[in-house]
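Novice: For reference, the file entry-v8.csv (CSV, C-alpha atoms (C1' of nucleotides)) is included below:
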chain,number,residue,atom,x,y,z
W,1,MET,CA,120.8,70.0,85.3
W,2,SER,CA,121.5,67.2,87.7
W,3,CYS,CA,118.4,68.0,89.7
W,4,GLY,CA,116.2,68.8,86.7
W,5,SER,CA,114.6,65.4,86.2
W,6,GLU,CA,113.8,65.2,89.9
W,7,TYR,CA,111.8,68.4,89.6
W,8,ALA,CA,110.3,67.3,86.3
W,9,SER,CA,108.9,64.2,87.6
W,10,GLN,CA,107.4,66.0,90.6
W,11,LEU,CA,105.6,68.3,88.2
W,12,ARG,CA,104.5,65.6,85.7
W,13,SER,CA,103.1,63.4,88.4
W,14,ARG,CA,100.7,66.2,89.1
W,15,GLY,CA,99.8,66.7,85.5
W,16,PHE,CA,102.0,69.7,84.8
W,17,ARG,CA,104.9,70.1,82.4
W,18,MET,CA,108.6,70.8,82.7
W,19,THR,CA,109.6,73.5,80.3
W,20,PRO,CA,112.9,75.3,79.6
W,21,GLN,CA,111.6,78.4,81.3
W,22,ARG,CA,110.8,76.5,84.5
W,23,MET,CA,114.1,74.7,84.3
W,24,ALA,CA,116.0,78.0,83.9
W,25,ILE,CA,114.3,79.6,86.9
W,26,LEU,CA,114.7,76.5,89.1
W,27,HIS,CA,118.4,76.4,88.1
W,28,VAL,CA,118.9,80.0,89.0
W,29,LEU,CA,117.3,79.6,92.4
W,30,HIS,CA,119.0,76.3,93.0
W,31,HIS,CA,122.4,77.9,92.6
W,32,ALA,CA,121.6,81.2,94.2
W,33,GLY,CA,121.9,80.0,97.7
W,34,THR,CA,119.7,82.9,98.9
W,35,HIS,CA,116.4,84.5,98.0
W,36,LEU,CA,116.2,86.7,95.0
W,37,SER,CA,113.7,89.3,93.7
W,38,PRO,CA,111.6,88.6,90.6
W,39,GLY,CA,113.7,91.2,88.7
W,40,GLU,CA,117.0,89.6,89.6
W,41,ILE,CA,115.6,86.2,88.8
W,42,TYR,CA,114.5,87.4,85.4
W,43,ARG,CA,117.9,88.9,84.7
W,44,ARG,CA,119.7,85.7,85.6
W,45,ALA,CA,117.3,83.4,83.9
W,46,ARG,CA,117.7,85.4,80.7
W,47,ARG,CA,121.4,84.4,80.7
W,48,GLU,CA,120.4,80.8,80.5
W,49,LEU,CA,117.4,81.2,78.3
W,50,PRO,CA,117.6,84.6,76.4
W,51,GLY,CA,114.1,84.5,75.1
W,52,ILE,CA,112.3,84.2,78.5
W,53,THR,CA,110.0,87.1,79.3
W,54,GLU,CA,109.1,88.9,82.4
W,55,PRO,CA,105.4,87.8,82.7
W,56,THR,CA,106.6,84.2,82.4
W,57,VAL,CA,109.0,84.7,85.3
W,58,TYR,CA,106.2,86.1,87.5
W,59,ARG,CA,103.8,83.4,86.6
W,60,THR,CA,106.3,80.7,86.9
W,61,LEU,CA,107.4,81.8,90.4
W,62,GLU,CA,103.8,81.8,91.5
W,63,PHE,CA,103.3,78.4,90.0
W,64,LEU,CA,106.4,76.9,91.6
W,65,VAL,CA,105.3,78.3,95.0
W,66,GLU,CA,102.0,76.6,94.6
W,67,ASN,CA,103.7,73.4,93.9
W,68,SER,CA,106.1,73.8,96.8
W,69,LEU,CA,109.3,73.8,94.8
W,70,VAL,CA,109.9,77.4,95.7
W,71,GLN,CA,109.5,79.3,98.9
W,72,PRO,CA,108.4,82.9,98.9
W,73,SER,CA,109.4,85.3,101.7
W,74,HIS,CA,108.8,88.9,102.4
W,75,SER,CA,111.5,91.4,101.9
W,76,GLY,CA,111.5,94.2,104.3
W,77,ASN,CA,109.9,96.6,101.8
W,78,GLY,CA,106.7,94.7,101.1
W,79,HIS,CA,107.7,92.7,98.1
W,80,PHE,CA,108.2,89.0,97.6
W,81,THR,CA,111.5,87.3,97.3
W,82,TYR,CA,112.0,83.7,96.2
W,83,GLN,CA,114.3,80.9,97.1
W,84,ILE,CA,114.5,77.2,96.3
W,85,ALA,CA,112.4,75.2,98.8
W,86,GLY,CA,114.4,73.4,101.3
W,87,ARG,CA,115.1,73.5,105.0
W,88,ASP,CA,112.3,75.3,106.8
W,89,HIS,CA,113.4,78.6,108.1
W,90,HIS,CA,112.3,82.2,108.7
W,91,HIS,CA,114.0,85.6,108.5
W,92,ILE,CA,114.7,88.5,110.9
W,93,ILE,CA,115.7,91.7,109.1
W,94,CYS,CA,117.3,94.6,110.9
W,95,ARG,CA,115.1,97.6,110.6
W,96,ALA,CA,118.2,99.9,110.7
W,97,CYS,CA,120.8,98.4,108.5
W,98,GLY,CA,118.9,95.8,106.5
W,99,ASN,CA,121.1,93.0,107.7
W,100,GLU,CA,119.3,89.7,107.9
W,101,ILE,CA,119.6,86.3,109.6
W,102,GLU,CA,117.8,83.0,109.3
W,103,VAL,CA,115.8,81.4,112.1
W,104,ASP,CA,115.2,77.7,112.2
W,105,HIS,CA,111.6,76.7,112.0
W,106,SER,CA,111.9,74.5,115.1
W,107,LEU,CA,111.8,77.6,117.2
W,108,LEU,CA,108.3,78.4,115.9
W,109,GLU,CA,106.8,74.9,115.8
W,110,ASN,CA,105.3,75.4,119.2
W,111,LEU,CA,103.6,78.6,118.2
W,112,TYR,CA,102.1,77.0,115.1
W,113,GLN,CA,100.4,74.4,117.2
W,114,ILE,CA,99.1,77.0,119.5
W,115,LEU,CA,97.8,79.0,116.6
W,116,GLU,CA,96.1,76.0,115.0
W,117,LYS,CA,94.5,75.1,118.3
W,118,ALA,CA,93.3,78.6,119.0
W,119,SER,CA,92.0,79.4,115.5
W,120,GLY,CA,90.8,76.1,114.1
W,121,PHE,CA,92.9,76.7,111.1
W,122,ARG,CA,94.9,73.8,109.9
W,123,ASN,CA,98.1,73.3,108.0
W,124,ILE,CA,99.6,76.7,108.8
W,125,ASN,CA,103.0,76.9,107.1
W,126,SER,CA,103.9,80.4,106.2
W,127,HIS,CA,107.4,81.6,105.9
W,128,LEU,CA,107.7,84.6,108.2
W,129,THR,CA,109.8,87.7,108.2
W,130,PHE,CA,110.3,89.6,111.4
W,131,LEU,CA,111.7,93.1,111.8
W,132,GLY,CA,113.9,94.0,114.6
W,133,VAL,CA,117.1,95.8,115.5
W,134,CYS,CA,120.3,93.7,115.1
W,135,PRO,CA,122.9,93.5,117.8
W,136,SER,CA,125.3,95.9,116.1
W,137,CYS,CA,122.6,98.5,115.5
W,138,GLY,CA,121.1,98.3,119.0
W,139,THR,CA,121.5,101.6,120.7
W,140,SER,CA,120.6,101.5,124.3
K,1,MET,CA,88.0,115.1,112.5
K,2,SER,CA,87.7,114.5,116.3
K,3,CYS,CA,90.9,112.6,116.3
K,4,GLY,CA,92.8,114.8,113.9
K,5,SER,CA,94.3,117.2,116.4
K,6,GLU,CA,95.6,114.2,118.4
K,7,TYR,CA,97.4,112.9,115.4
K,8,ALA,CA,98.6,116.4,114.4
K,9,SER,CA,100.3,117.1,117.7
K,10,GLN,CA,101.9,113.7,117.6
K,11,LEU,CA,103.5,114.6,114.3
K,12,ARG,CA,104.3,118.2,115.2
K,13,SER,CA,106.1,117.2,118.3
K,14,ARG,CA,108.5,115.3,116.1
K,15,GLY,CA,109.0,118.2,113.7
K,16,PHE,CA,106.6,117.0,111.0
K,17,ARG,CA,103.5,118.7,109.7
K,18,MET,CA,99.9,117.8,109.5
K,19,THR,CA,98.5,118.3,106.0
K,20,PRO,CA,95.1,117.8,104.4
K,21,GLN,CA,96.5,114.8,102.6
K,22,ARG,CA,97.7,113.1,105.8
K,23,MET,CA,94.4,113.9,107.4
K,24,ALA,CA,92.4,112.4,104.6
K,25,ILE,CA,94.3,109.2,104.7
K,26,LEU,CA,94.2,108.9,108.4
K,27,HIS,CA,90.5,109.6,108.3
K,28,VAL,CA,90.0,106.9,105.7
K,29,LEU,CA,91.9,104.3,107.7
K,30,HIS,CA,90.3,105.4,111.0
K,31,HIS,CA,86.9,104.7,109.7
K,32,ALA,CA,87.7,101.6,107.6
K,33,GLY,CA,87.8,99.2,110.5
K,34,THR,CA,90.1,96.9,108.6
K,35,HIS,CA,93.2,97.0,106.4
K,36,LEU,CA,93.1,98.4,102.9
K,37,SER,CA,95.3,98.3,99.9
K,38,PRO,CA,97.0,101.4,98.7
K,39,GLY,CA,94.8,101.6,95.7
K,40,GLU,CA,91.6,101.4,97.8
K,41,ILE,CA,93.0,104.0,100.2
K,42,TYR,CA,93.7,106.3,97.2
K,43,ARG,CA,90.2,105.9,95.9
K,44,ARG,CA,88.6,106.7,99.3
K,45,ALA,CA,90.9,109.5,100.1
K,46,ARG,CA,90.1,111.1,96.8
K,47,ARG,CA,86.5,111.4,97.9
K,48,GLU,CA,87.6,113.6,100.8
K,49,LEU,CA,90.3,115.4,99.0
K,50,PRO,CA,89.8,115.2,95.3
K,51,GLY,CA,93.2,116.6,94.3
K,52,ILE,CA,95.3,114.0,96.2
K,53,THR,CA,97.6,112.0,94.0
K,54,GLU,CA,98.8,108.4,94.0
K,55,PRO,CA,102.5,109.0,94.8
K,56,THR,CA,101.4,111.1,97.8
K,57,VAL,CA,99.3,108.2,99.0
K,58,TYR,CA,102.2,105.8,98.8
K,59,ARG,CA,104.6,108.2,100.4
K,60,THR,CA,102.2,109.2,103.1
K,61,LEU,CA,101.5,105.6,104.0
K,62,GLU,CA,105.1,104.9,104.4
K,63,PHE,CA,105.6,108.0,106.4
K,64,LEU,CA,102.7,107.1,108.7
K,65,VAL,CA,104.1,103.6,109.2
K,66,GLU,CA,107.4,105.0,110.2
K,67,ASN,CA,105.7,107.2,112.8
K,68,SER,CA,103.6,104.3,114.1
K,69,LEU,CA,100.3,105.9,113.3
K,70,VAL,CA,99.6,103.2,110.8
K,71,GLN,CA,100.3,99.5,110.8
K,72,PRO,CA,101.3,97.6,107.6
K,73,SER,CA,100.5,94.0,107.1
K,74,HIS,CA,101.0,91.5,104.3
K,75,SER,CA,98.1,90.4,102.2
K,76,GLY,CA,98.2,86.9,101.1
K,77,ASN,CA,99.6,87.8,97.7
K,78,GLY,CA,102.7,89.6,98.9
K,79,HIS,CA,101.6,93.2,98.9
K,80,PHE,CA,101.2,95.6,101.7
K,81,THR,CA,97.9,96.5,103.2
K,82,TYR,CA,97.4,99.2,105.8
K,83,GLN,CA,95.3,99.9,108.9
K,84,ILE,CA,95.2,102.4,111.6
K,85,ALA,CA,97.6,101.5,114.4
K,86,GLY,CA,95.8,100.1,117.5
K,87,ARG,CA,95.4,96.9,119.2
K,88,ASP,CA,98.3,94.6,118.4
K,89,HIS,CA,97.2,91.7,116.3
K,90,HIS,CA,98.1,89.4,113.5
K,91,HIS,CA,96.3,87.6,110.6
K,92,ILE,CA,95.7,84.1,109.5
K,93,ILE,CA,94.5,83.9,105.9
K,94,CYS,CA,92.8,80.8,104.4
K,95,ARG,CA,94.9,79.6,101.5
K,96,ALA,CA,91.8,78.2,99.9
K,97,CYS,CA,89.0,80.8,100.3
K,98,GLY,CA,90.9,83.9,101.3
K,99,ASN,CA,88.9,84.3,104.4
K,100,GLU,CA,90.8,85.9,107.2
K,101,ILE,CA,90.8,86.2,111.0
K,102,GLU,CA,92.7,88.1,113.5
K,103,VAL,CA,95.0,86.7,116.2
K,104,ASP,CA,95.8,88.6,119.3
K,105,HIS,CA,99.4,89.4,119.8
K,106,SER,CA,99.4,87.9,123.3
K,107,LEU,CA,99.6,84.5,121.7
K,108,LEU,CA,102.9,85.4,120.1
K,109,GLU,CA,104.5,87.3,122.9
K,110,ASN,CA,106.3,84.3,124.2
K,111,LEU,CA,107.7,83.6,120.7
K,112,TYR,CA,109.1,87.1,120.4
K,113,GLN,CA,111.0,86.7,123.6
K,114,ILE,CA,112.4,83.4,122.5
K,115,LEU,CA,113.4,84.9,119.1
K,116,GLU,CA,115.1,87.9,120.8
K,117,LYS,CA,117.0,85.7,123.1
K,118,ALA,CA,118.1,83.3,120.3
K,119,SER,CA,119.0,85.9,117.8
K,120,GLY,CA,120.3,88.8,119.7
K,121,PHE,CA,117.9,91.1,117.8
K,122,ARG,CA,116.0,93.5,119.9
K,123,ASN,CA,112.7,95.2,119.6
K,124,ILE,CA,111.1,92.7,117.2
K,125,ASN,CA,107.6,93.9,116.5
K,126,SER,CA,106.4,92.8,113.1
K,127,HIS,CA,102.9,92.3,112.2
K,128,LEU,CA,102.6,88.8,110.9
K,129,THR,CA,100.4,87.1,108.3
K,130,PHE,CA,100.0,83.3,108.5
K,131,LEU,CA,98.6,81.1,105.7
K,132,GLY,CA,96.6,78.1,106.6
K,133,VAL,CA,93.3,76.3,105.8
K,134,CYS,CA,90.3,77.5,107.6
K,135,PRO,CA,87.8,75.2,109.3
K,136,SER,CA,85.2,75.4,106.6
K,137,CYS,CA,87.7,74.6,103.8
K,138,GLY,CA,89.5,71.8,105.8
K,139,THR,CA,89.0,68.7,103.8
K,140,SER,CA,90.3,65.7,105.6
J,1,DT,C1',107.1,57.9,65.7
J,2,DT,C1',103.3,60.6,64.9
J,3,DA,C1',99.1,63.2,66.1
J,4,DG,C1',96.2,65.3,69.4
J,5,DT,C1',95.2,67.7,73.7
J,6,DT,C1',95.8,71.4,76.4
J,7,DA,C1',99.3,73.4,79.6
J,8,DT,C1',102.3,77.1,78.9
J,9,DT,C1',104.5,80.9,76.7
J,10,DG,C1',105.1,85.5,74.4
J,11,DC,C1',103.2,89.6,73.1
J,12,DA,C1',101.0,93.8,74.0
J,13,DA,C1',98.8,96.7,76.8
J,14,DA,C1',97.2,97.9,81.4
J,15,DA,C1',97.6,98.6,86.3
J,16,DA,C1',100.3,99.3,90.3
J,17,DC,C1',104.2,101.3,92.4
J,18,DT,C1',108.5,104.4,92.5
J,19,DT,C1',111.5,108.4,91.8
J,20,DG,C1',113.4,113.2,91.0
J,21,DC,C1',112.6,117.7,91.1
J,22,DA,C1',110.4,122.2,91.0
J,23,DA,C1',106.4,124.5,93.2
J,24,DT,C1',103.6,124.9,97.3
J,25,DA,C1',102.2,125.6,101.9
J,26,DA,C1',102.6,124.4,107.2
J,27,DG,C1',104.1,126.2,111.2
J,28,DG,C1',107.6,128.8,113.8
J,29,DA,C1',109.8,133.5,114.6
J,30,DG,C1',109.4,138.2,114.7
Q,1,DC,C1',99.7,139.4,110.9
Q,2,DT,C1',103.6,138.6,107.8
Q,3,DC,C1',107.8,136.5,106.4
Q,4,DC,C1',110.9,132.6,106.1
Q,5,DT,C1',112.4,128.0,106.3
Q,6,DT,C1',112.0,123.7,104.7
Q,7,DA,C1',108.8,119.6,104.9
Q,8,DT,C1',105.5,118.1,101.7
Q,9,DT,C1',103.0,117.8,97.5
Q,10,DG,C1',102.1,117.3,92.4
Q,11,DC,C1',103.7,116.5,88.1
Q,12,DA,C1',105.8,113.7,84.7
Q,13,DA,C1',108.3,109.9,83.6
Q,14,DG,C1',110.2,105.5,84.9
Q,15,DT,C1',110.1,100.7,86.6
Q,16,DT,C1',107.8,96.8,88.2
Q,17,DT,C1',103.9,93.6,88.3
Q,18,DT,C1',99.6,91.9,86.2
Q,19,DT,C1',96.3,90.4,82.7
Q,20,DG,C1',94.0,88.5,78.3
Q,21,DC,C1',94.5,86.1,74.4
Q,22,DA,C1',96.4,83.8,70.4
Q,23,DA,C1',100.4,80.9,69.2
Q,24,DT,C1',103.4,77.3,70.7
Q,25,DA,C1',105.2,73.1,72.3
Q,26,DA,C1',105.2,69.3,76.2
Q,27,DC,C1',103.5,65.1,77.1
Q,28,DT,C1',100.2,61.1,76.4
Q,29,DA,C1',98.5,57.6,73.9
Q,30,DA,C1',98.2,55.0,69.9
Kindly return the structure encoded in the file as structure tokens.
Specialist:
Amino acid sequence: MSCGSEYASQLRSRGFRMTPQRMAILHVLHHAGTHLSPGEIYRRARRELPGITEPTVYRTLEFLVENSLVQPSHSGNGHFTYQIAGRDHHHIICRACGNEIEVDHSLLENLYQILEKASGFRNINSHLTFLGVCPSCGTS
Amino acid sequence: MSCGSEYASQLRSRGFRMTPQRMAILHVLHHAGTHLSPGEIYRRARRELPGITEPTVYRTLEFLVENSLVQPSHSGNGHFTYQIAGRDHHHIICRACGNEIEVDHSLLENLYQILEKASGFRNINSHLTFLGVCPSCGTS
DNA sequence: TTAGTTATTGCAAAAACTTGCAATAAGGAG
DNA sequence: CTCCTTATTGCAAGTTTTTGCAATAACTAA
């Protein structure tokens, strides 16, 4: 709960409220160290706050993403996975074994500028997931 | 159906079969001109093949992706969307209005090489979806 | 501290997606 | 053309995700 008040004031300053449900989910993500699926988040949050419901978890995650406290990323299979917002990074998942590594955002910064210039879009900031074949699965 | 036999032989040469269900889905995607959600594909395919079922649509899409006849991409909300495989491109979706444009893959080619060199992964070929703010929604 | 406003939650039901398994039918062999 | 093998489908039931709405409770202001 050390970080709770930090999150709380971030939300309050934008006119939102801190609730036990949001705390529980933030706590789960804060201590997970990696991204989790909504189902897994629900299961863990329930340990801290037994009454929490699934719809609340889904809505809360969406809310926290909109407020930049949580970062969504794509799992290989087309679903979202969530982690606490922090250092900007991306993922590469091995198409063969599912193994996954992080890529620092600095490698992509250049591309983002090119994209913004070419498209006219501004403020591009997606978290990306690449699929490839990892060194140990590489055949040829 | 002009293109059907083309697809059929591609599958048969790999030991798979061409079926009315696969034909219907390929036909839908071939004529859509854009990416569609599984639900929308199901609805349209049913017009061509009334008996087709939802599980078949989901399984077929996954199958066609694995065989590179269909290209999956992420919609802004975390779900998959599908289109006929063809010219390599990516998407930028406006976070505000949902408007969406295509970006040619050539802009990213450089990045892919950098990523492969930096990570040791090979054969990186994801279709990417970026989120940004489009020119007409840009405020400041 | 209390009362009021309204953001947020839980409930219930729907929609979207997945899975296992028996029945079917595509395509090759004879 | 007919039979056989087995890839593929449909069915039925499960899980996951979404939605609407009434009840609740966080925060603000007095």
Novice: Up to 12 Å from chain W, what residues of chain J turn up? Count only C-alpha atoms (C1' of nucleotides) and give them as number ranges by chain.
Specialist: J: 6-12, 17
Novice: Near Ser68 of chain K, within 12 Å and counting all atoms listed in the file, which residues show up once chain neighbours fewer than 5 positions away are dropped, as a list in words?
Specialist: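 In the requested format, the answer is Tyr7, Gln10, Leu11, Leu26, Leu61, Glu62, Phe63, Tyr82, Gln83, Ile84, Ala85, Gly86, Asp88, Asn125 and Ser126 of chain K.
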Novice: Using only C-alpha atoms (C1' of nucleotides), which residues sit within 12 Å of DA30 of chain Q once same-chain residues fewer than 3 positions away are excluded, as a PDB file with C-alpha atoms (C1' of nucleotides), in the frame of the given file?
Specialist:
ATOM      1  C1'  DT J   1     107.100  57.900  65.700  1.00  0.00           C
ATOM      2  C1'  DT J   2     103.300  60.600  64.900  1.00  0.00           C
ATOM      3  C1'  DA J   3      99.100  63.200  66.100  1.00  0.00           C
ATOM      4  C1'  DG J   4      96.200  65.300  69.400  1.00  0.00           C
TER       5       DG J   4
END
Novice: At a cut-off of 12 Å, which residues of chain Q touch chain W? Count only C-alpha atoms (C1' of nucleotides) and give the answer as an MDAnalysis selection string.
Specialist: chainID Q and resid 15:19 25:28
Novice: Using all atoms listed in the file, find each residue in chain W having at least one atom no more than 10 Å away from chain K; report its shortest atom-to-atom pair and that distance in Å (one decimal), rows by chain then rising number, as a tab-separated table.
Specialist:
residue	atom	partner	partner_atom	distance
W:Glu62	CA	K:Asn77	CA	9.6
W:Pro72	CA	K:Gly78	CA	8.8
W:Ser73	CA	K:Gly78	CA	8.4
W:His74	CA	K:Gly78	CA	7.1
W:Ser75	CA	K:Gly78	CA	9.5
W:Asn77	CA	K:Phe80	CA	8.8
W:Gly78	CA	K:Phe80	CA	5.6
W:His79	CA	K:Gly78	CA	5.9
W:Phe80	CA	K:Gly78	CA	5.7
W:Thr81	CA	K:Gly78	CA	9.2
W:Ile92	CA	K:Phe121	CA	8.0
W:Ile93	CA	K:Phe121	CA	9.0
W:Cys94	CA	K:Phe121	CA	7.8
W:Arg95	CA	K:Ile124	CA	9.1
W:Ile101	CA	K:Ser119	CA	8.2
W:Glu102	CA	K:Ser119	CA	9.1
W:Val103	CA	K:Ser119	CA	7.9
W:Leu107	CA	K:Leu115	CA	7.7
W:Leu108	CA	K:Leu111	CA	7.1
W:Asn110	CA	K:Leu111	CA	8.7
W:Leu111	CA	K:Leu111	CA	6.9
W:Tyr112	CA	K:Phe130	CA	9.4
W:Ile114	CA	K:Leu107	CA	7.8
W:Leu115	CA	K:Leu107	CA	7.7
W:Glu116	CA	K:Gly132	CA	8.7
W:Ala118	CA	K:Val103	CA	8.7
W:Ser119	CA	K:Val103	CA	7.9
W:Gly120	CA	K:Pro135	CA	5.7
W:Phe121	CA	K:Cys134	CA	4.4
W:Arg122	CA	K:Val133	CA	5.1
W:Asn123	CA	K:Gly132	CA	5.2
W:Ile124	CA	K:Gly132	CA	4.0
W:Asn125	CA	K:Leu131	CA	6.2
W:Ser126	CA	K:Leu131	CA	5.4
W:His127	CA	K:Phe130	CA	8.0
W:Leu128	CA	K:Leu128	CA	7.1
W:Thr129	CA	K:Leu128	CA	7.8
W:Phe130	CA	K:Ser126	CA	5.3
W:Leu131	CA	K:Ile124	CA	5.4
W:Gly132	CA	K:Ile124	CA	4.0
W:Val133	CA	K:Arg122	CA	5.1
W:Cys134	CA	K:Phe121	CA	4.5
W:Pro135	CA	K:Phe121	CA	5.5
W:Ser136	CA	K:Phe121	CA	9.0
W:Cys137	CA	K:Phe121	CA	9.1
W:Gly138	CA	K:Arg122	CA	7.1
W:Thr139	CA	K:Arg122	CA	9.8
Novice: Fewer than 2 positions away in the same chain doesn't count, so skip those; otherwise give me all residues within 12 Å of DA22 of chain J, counting all atoms listed in the file, as a list in words.
Specialist: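 With the cut-off at 12 Å, the set is DG20 and DT24 of chain J; DT9, DG10, DC11 and DA12 of chain Q.
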Novice: Just how far from atom CA of Gly98 of chain W is atom CA of Arg14 of chain K, in Å to one decimal?
Specialist: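 According to the coordinates, atom CA of Arg14 of chain K and atom CA of Gly98 of chain W are separated by 24.1 Å.
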Novice: If you measure from atom CA of Arg46 of chain K to atom CA of Leu69 of chain K, what distance in Å do you get, rounded to one decimal?
Specialist: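 Spanning atom CA of Arg46 of chain K to atom CA of Leu69 of chain K is a straight-line distance of 20.1 Å.
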Novice: For the atom pair atom CA of Ala24 of chain W and atom C1' of DA22 of chain Q, what is the interatomic distance in Å to one decimal place?
Specialist: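 Atom-to-atom, atom CA of Ala24 of chain W and atom C1' of DA22 of chain Q are spaced 24.5 Å apart.
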Novice: Using only C-alpha atoms, find the one residue out of W:Gln113, W:Pro20, W:Ala96, W:Arg87 that sits nearest to Val70 of chain W.
Specialist: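 Counting only C-alpha atoms, the residue closest to Val70 of chain W is W:Arg87.
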